[in-house]
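This report refers to the structure that appears directly beneath it.
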Amino acid sequence: YVYCSMILLTPTESLAEQWELYINPVNQLLLFVIGVTFGVYCPSPQVGGSRVAITAFAAAAALFCLYPAAGDQSQIATGMNRLAFTAICAVVVAAAYYSDFQLPTPIAKALRFLGEACYSIYLLHPLVAMPIAYLFAWAKMNLSLAYLISAVLTLGASYLSFRYLEQPMIRVGNSVADLLKSRRASDAIPHDQRIESPETNLGKRLAA
């Protein structure tokens, strides 16, 4: 992450000129790791922690807006600025995770969907937007409308992808992980101390 932001990417060129480097998965991996770390290794949010969490959230959001970075977008995607913005975003995520603040149900459901489908949105949005933008440009139509249509279609495609592709694969992955975990636990027990099931004993007797 540091190598990408400090060496590969440079603030002297526009982000558009360095787009292929910027979207390299290595340059984005730490952001995913931060989110996974909070979900897997941090303690569960505690009821009553909203005051501190909301204060941290507001402070980090304010710092994000007031942080002195000007010029092309490459200014915030390179060097120490990139690391500073990453740390600020990590605080925002942590504060949101630890807060027990309850949003209105419609907003909570919408944000939950965006959170669950974010990877589908990330992967699908260029596949949806580029053909539509190209078609609108060819027809000399308003590109703002193209972006609006792309956003709606991306959300729809992301829902279908999450519902009918990601969720089934997540269940398969969990099943495989549980199976491997149970096998490792079984292998850790000395053979002479294992309790064999009736089915296993019956199978041995039949084999004999």
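Starting from 1 in every chain, residues are counted up; chains themselves are A, B, ... following the order of the structure tokens, and ligands are numbered from 1 as listed.
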| task | Find the residues near A:Ala87: any atom within 12 Å, counting only C-alpha atoms, skip ones fewer than 6 places away on the same chain, and give them as a PyMOL selection string. | result | chain A and resi 30-31+34+60-61+63-64+80-81+93-94
Those same residues, written as an mmCIF file, in the first residue's frame with all heavy atoms?
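Resulting contents of out-v4.cif:
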data_model
loop_
_atom_site.group_PDB
_atom_site.id
_atom_site.type_symbol
_atom_site.label_atom_id
_atom_site.label_comp_id
_atom_site.auth_asym_id
_atom_site.auth_seq_id
_atom_site.Cartn_x
_atom_site.Cartn_y
_atom_site.Cartn_z
ATOM 1 N N LEU A 30 -5.469 -2.865 1.296
ATOM 2 C CA LEU A 30 -5.471 -2.478 2.704
ATOM 3 C C LEU A 30 -6.847 -2.000 3.146
ATOM 4 O O LEU A 30 -7.255 -2.227 4.292
ATOM 5 C CB LEU A 30 -4.435 -1.387 2.955
ATOM 6 C CG LEU A 30 -4.328 -0.910 4.407
ATOM 7 C CD1 LEU A 30 -3.881 -2.039 5.327
ATOM 8 C CD2 LEU A 30 -3.380 0.277 4.526
ATOM 9 N N LEU A 31 -7.580 -1.353 2.252
ATOM 10 C CA LEU A 31 -8.911 -0.861 2.606
ATOM 11 C C LEU A 31 -9.833 -2.020 2.949
ATOM 12 O O LEU A 31 -10.620 -1.950 3.906
ATOM 13 C CB LEU A 31 -9.490 -0.036 1.457
ATOM 14 C CG LEU A 31 -8.626 1.146 0.993
ATOM 15 C CD1 LEU A 31 -9.272 1.846 -0.185
ATOM 16 C CD2 LEU A 31 -8.393 2.121 2.139
ATOM 17 N N ILE A 34 -8.744 -3.526 6.378
ATOM 18 C CA ILE A 34 -9.201 -2.741 7.525
ATOM 19 C C ILE A 34 -10.630 -3.118 7.894
ATOM 20 O O ILE A 34 -10.952 -3.358 9.063
ATOM 21 C CB ILE A 34 -9.101 -1.236 7.220
ATOM 22 C CG1 ILE A 34 -7.634 -0.802 7.162
ATOM 23 C CG2 ILE A 34 -9.841 -0.418 8.282
ATOM 24 C CD1 ILE A 34 -7.433 0.621 6.681
ATOM 25 N N ALA A 60 -13.692 12.773 12.979
ATOM 26 C CA ALA A 60 -13.000 12.238 11.806
ATOM 27 C C ALA A 60 -13.605 12.784 10.517
ATOM 28 O O ALA A 60 -12.880 13.117 9.571
ATOM 29 C CB ALA A 60 -13.057 10.711 11.811
ATOM 30 N N ALA A 61 -14.937 12.900 10.477
ATOM 31 C CA ALA A 61 -15.589 13.447 9.282
ATOM 32 C C ALA A 61 -15.190 14.899 9.068
ATOM 33 O O ALA A 61 -14.938 15.326 7.929
ATOM 34 C CB ALA A 61 -17.106 13.321 9.422
ATOM 35 N N LEU A 63 -12.384 16.296 10.111
ATOM 36 C CA LEU A 63 -10.976 16.295 9.699
ATOM 37 C C LEU A 63 -10.843 15.910 8.232
ATOM 38 O O LEU A 63 -10.005 16.463 7.506
ATOM 39 C CB LEU A 63 -10.186 15.329 10.582
ATOM 40 C CG LEU A 63 -8.667 15.270 10.339
ATOM 41 C CD1 LEU A 63 -8.040 16.643 10.535
ATOM 42 C CD2 LEU A 63 -8.028 14.250 11.275
ATOM 43 N N PHE A 64 -11.683 14.961 7.792
ATOM 44 C CA PHE A 64 -11.669 14.554 6.389
ATOM 45 C C PHE A 64 -11.966 15.751 5.481
ATOM 46 O O PHE A 64 -11.338 15.924 4.424
ATOM 47 C CB PHE A 64 -12.705 13.451 6.168
ATOM 48 C CG PHE A 64 -12.721 12.885 4.778
ATOM 49 C CD1 PHE A 64 -11.919 11.811 4.433
ATOM 50 C CD2 PHE A 64 -13.533 13.439 3.796
ATOM 51 C CE1 PHE A 64 -11.927 11.289 3.151
ATOM 52 C CE2 PHE A 64 -13.557 12.933 2.509
ATOM 53 C CZ PHE A 64 -12.745 11.848 2.187
ATOM 54 N N MET A 80 1.867 11.076 1.745
ATOM 55 C CA MET A 80 1.364 11.095 3.118
ATOM 56 C C MET A 80 -0.124 11.433 3.166
ATOM 57 O O MET A 80 -0.824 11.018 4.098
ATOM 58 C CB MET A 80 2.163 12.095 3.948
ATOM 59 C CG MET A 80 3.607 11.690 4.196
ATOM 60 S SD MET A 80 3.754 10.071 5.024
ATOM 61 C CE MET A 80 2.896 10.402 6.569
ATOM 62 N N ASN A 81 -0.593 12.205 2.191
ATOM 63 C CA ASN A 81 -2.027 12.517 2.162
ATOM 64 C C ASN A 81 -2.861 11.249 2.074
ATOM 65 O O ASN A 81 -3.889 11.115 2.743
ATOM 66 C CB ASN A 81 -2.354 13.427 0.977
ATOM 67 C CG ASN A 81 -1.861 14.844 1.177
ATOM 68 O OD1 ASN A 81 -1.462 15.213 2.272
ATOM 69 N ND2 ASN A 81 -1.878 15.637 0.124
ATOM 70 N N VAL A 93 -14.973 4.311 9.985
ATOM 71 C CA VAL A 93 -15.526 2.953 9.943
ATOM 72 C C VAL A 93 -15.628 2.367 11.347
ATOM 73 O O VAL A 93 -16.641 1.765 11.724
ATOM 74 C CB VAL A 93 -14.667 2.053 9.033
ATOM 75 C CG1 VAL A 93 -15.119 0.598 9.141
ATOM 76 C CG2 VAL A 93 -14.752 2.519 7.588
ATOM 77 N N ALA A 94 -14.566 2.539 12.140
ATOM 78 C CA ALA A 94 -14.573 2.011 13.506
ATOM 79 C C ALA A 94 -15.666 2.666 14.341
ATOM 80 O O ALA A 94 -16.377 1.991 15.099
ATOM 81 C CB ALA A 94 -13.210 2.229 14.161
#
| said: If DSSP is run on the backbone, what residues of stretch 47-109 of chain A are helix (DSSP H, G or I)? A reply as a PyMOL selection string would be ideal. | reply: chain A and resi 50-66+73-75+79-98+105-109
Write out, as JSON lines, each residue of stretch 146-193 of chain A that has an atom at most 8 Å from stretch 114-132 of chain A, together with the closest pair of atoms and their distance in Å to one decimal, counting only C-alpha atoms, rows going by chain and rising number.
{"residue": "A:Ala146", "atom": "CA", "partner": "A:Ile132", "partner_atom": "CA", "distance": 6.1}
{"residue": "A:Tyr147", "atom": "CA", "partner": "A:Ala129", "partner_atom": "CA", "distance": 6.9}
{"residue": "A:Ser150", "atom": "CA", "partner": "A:Ala129", "partner_atom": "CA", "distance": 5.0}
{"residue": "A:Ala151", "atom": "CA", "partner": "A:His125", "partner_atom": "CA", "distance": 7.6}
{"residue": "A:Leu153", "atom": "CA", "partner": "A:Val128", "partner_atom": "CA", "distance": 7.2}
{"residue": "A:Thr154", "atom": "CA", "partner": "A:His125", "partner_atom": "CA", "distance": 5.5}
{"residue": "A:Leu155", "atom": "CA", "partner": "A:Ile121", "partner_atom": "CA", "distance": 6.7}
{"residue": "A:Ala157", "atom": "CA", "partner": "A:Leu124", "partner_atom": "CA", "distance": 7.6}
{"residue": "A:Ser158", "atom": "CA", "partner": "A:Ser120", "partner_atom": "CA", "distance": 5.0}
{"residue": "A:Tyr159", "atom": "CA", "partner": "A:Ala117", "partner_atom": "CA", "distance": 6.5}
{"residue": "A:Ser161", "atom": "CA", "partner": "A:Ser120", "partner_atom": "CA", "distance": 6.6}
{"residue": "A:Phe162", "atom": "CA", "partner": "A:Ala117", "partner_atom": "CA", "distance": 5.9}
| remark: Atom pair atom CA of A:Arg183 + atom CA of A:Gly35, distance 28.8 Å
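Here the question is which of A:Val172, A:Val152, A:Cys4, A:Val91 gets nearest to A:Gln18 using only C-alpha atoms, and that residue is A:Cys4.
Near A:Ala16, within 10 Å and counting only C-alpha atoms, sit Glu13, Trp19, Glu20, Leu21, Tyr22, Asp72, Gln73 and Ser74 of chain A, not including residues fewer than 3 positions from it in the same chain.
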| note | Shortest contact to A:Thr10, candidates A:Val40, A:Ala77, A:Ala58, A:Ala90, atoms counted only C-alpha atoms, goes to A:Ala77
| Which distance in Å separates atom CA of A:Ala53 and atom CA of A:Tyr98, to one decimal? | 6.2 Å
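Atom pair atom CA of A:Phe101 / atom CA of A:Ser50 has a distance of 5.9 Å (rounded to one decimal).
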| message | Please determine, counting only C-alpha atoms, which residue among A:Gln167, A:Arg184, A:Ala133, A:Thr55 has the shortest atom-to-atom distance to A:Leu145. | response | A:Ala133
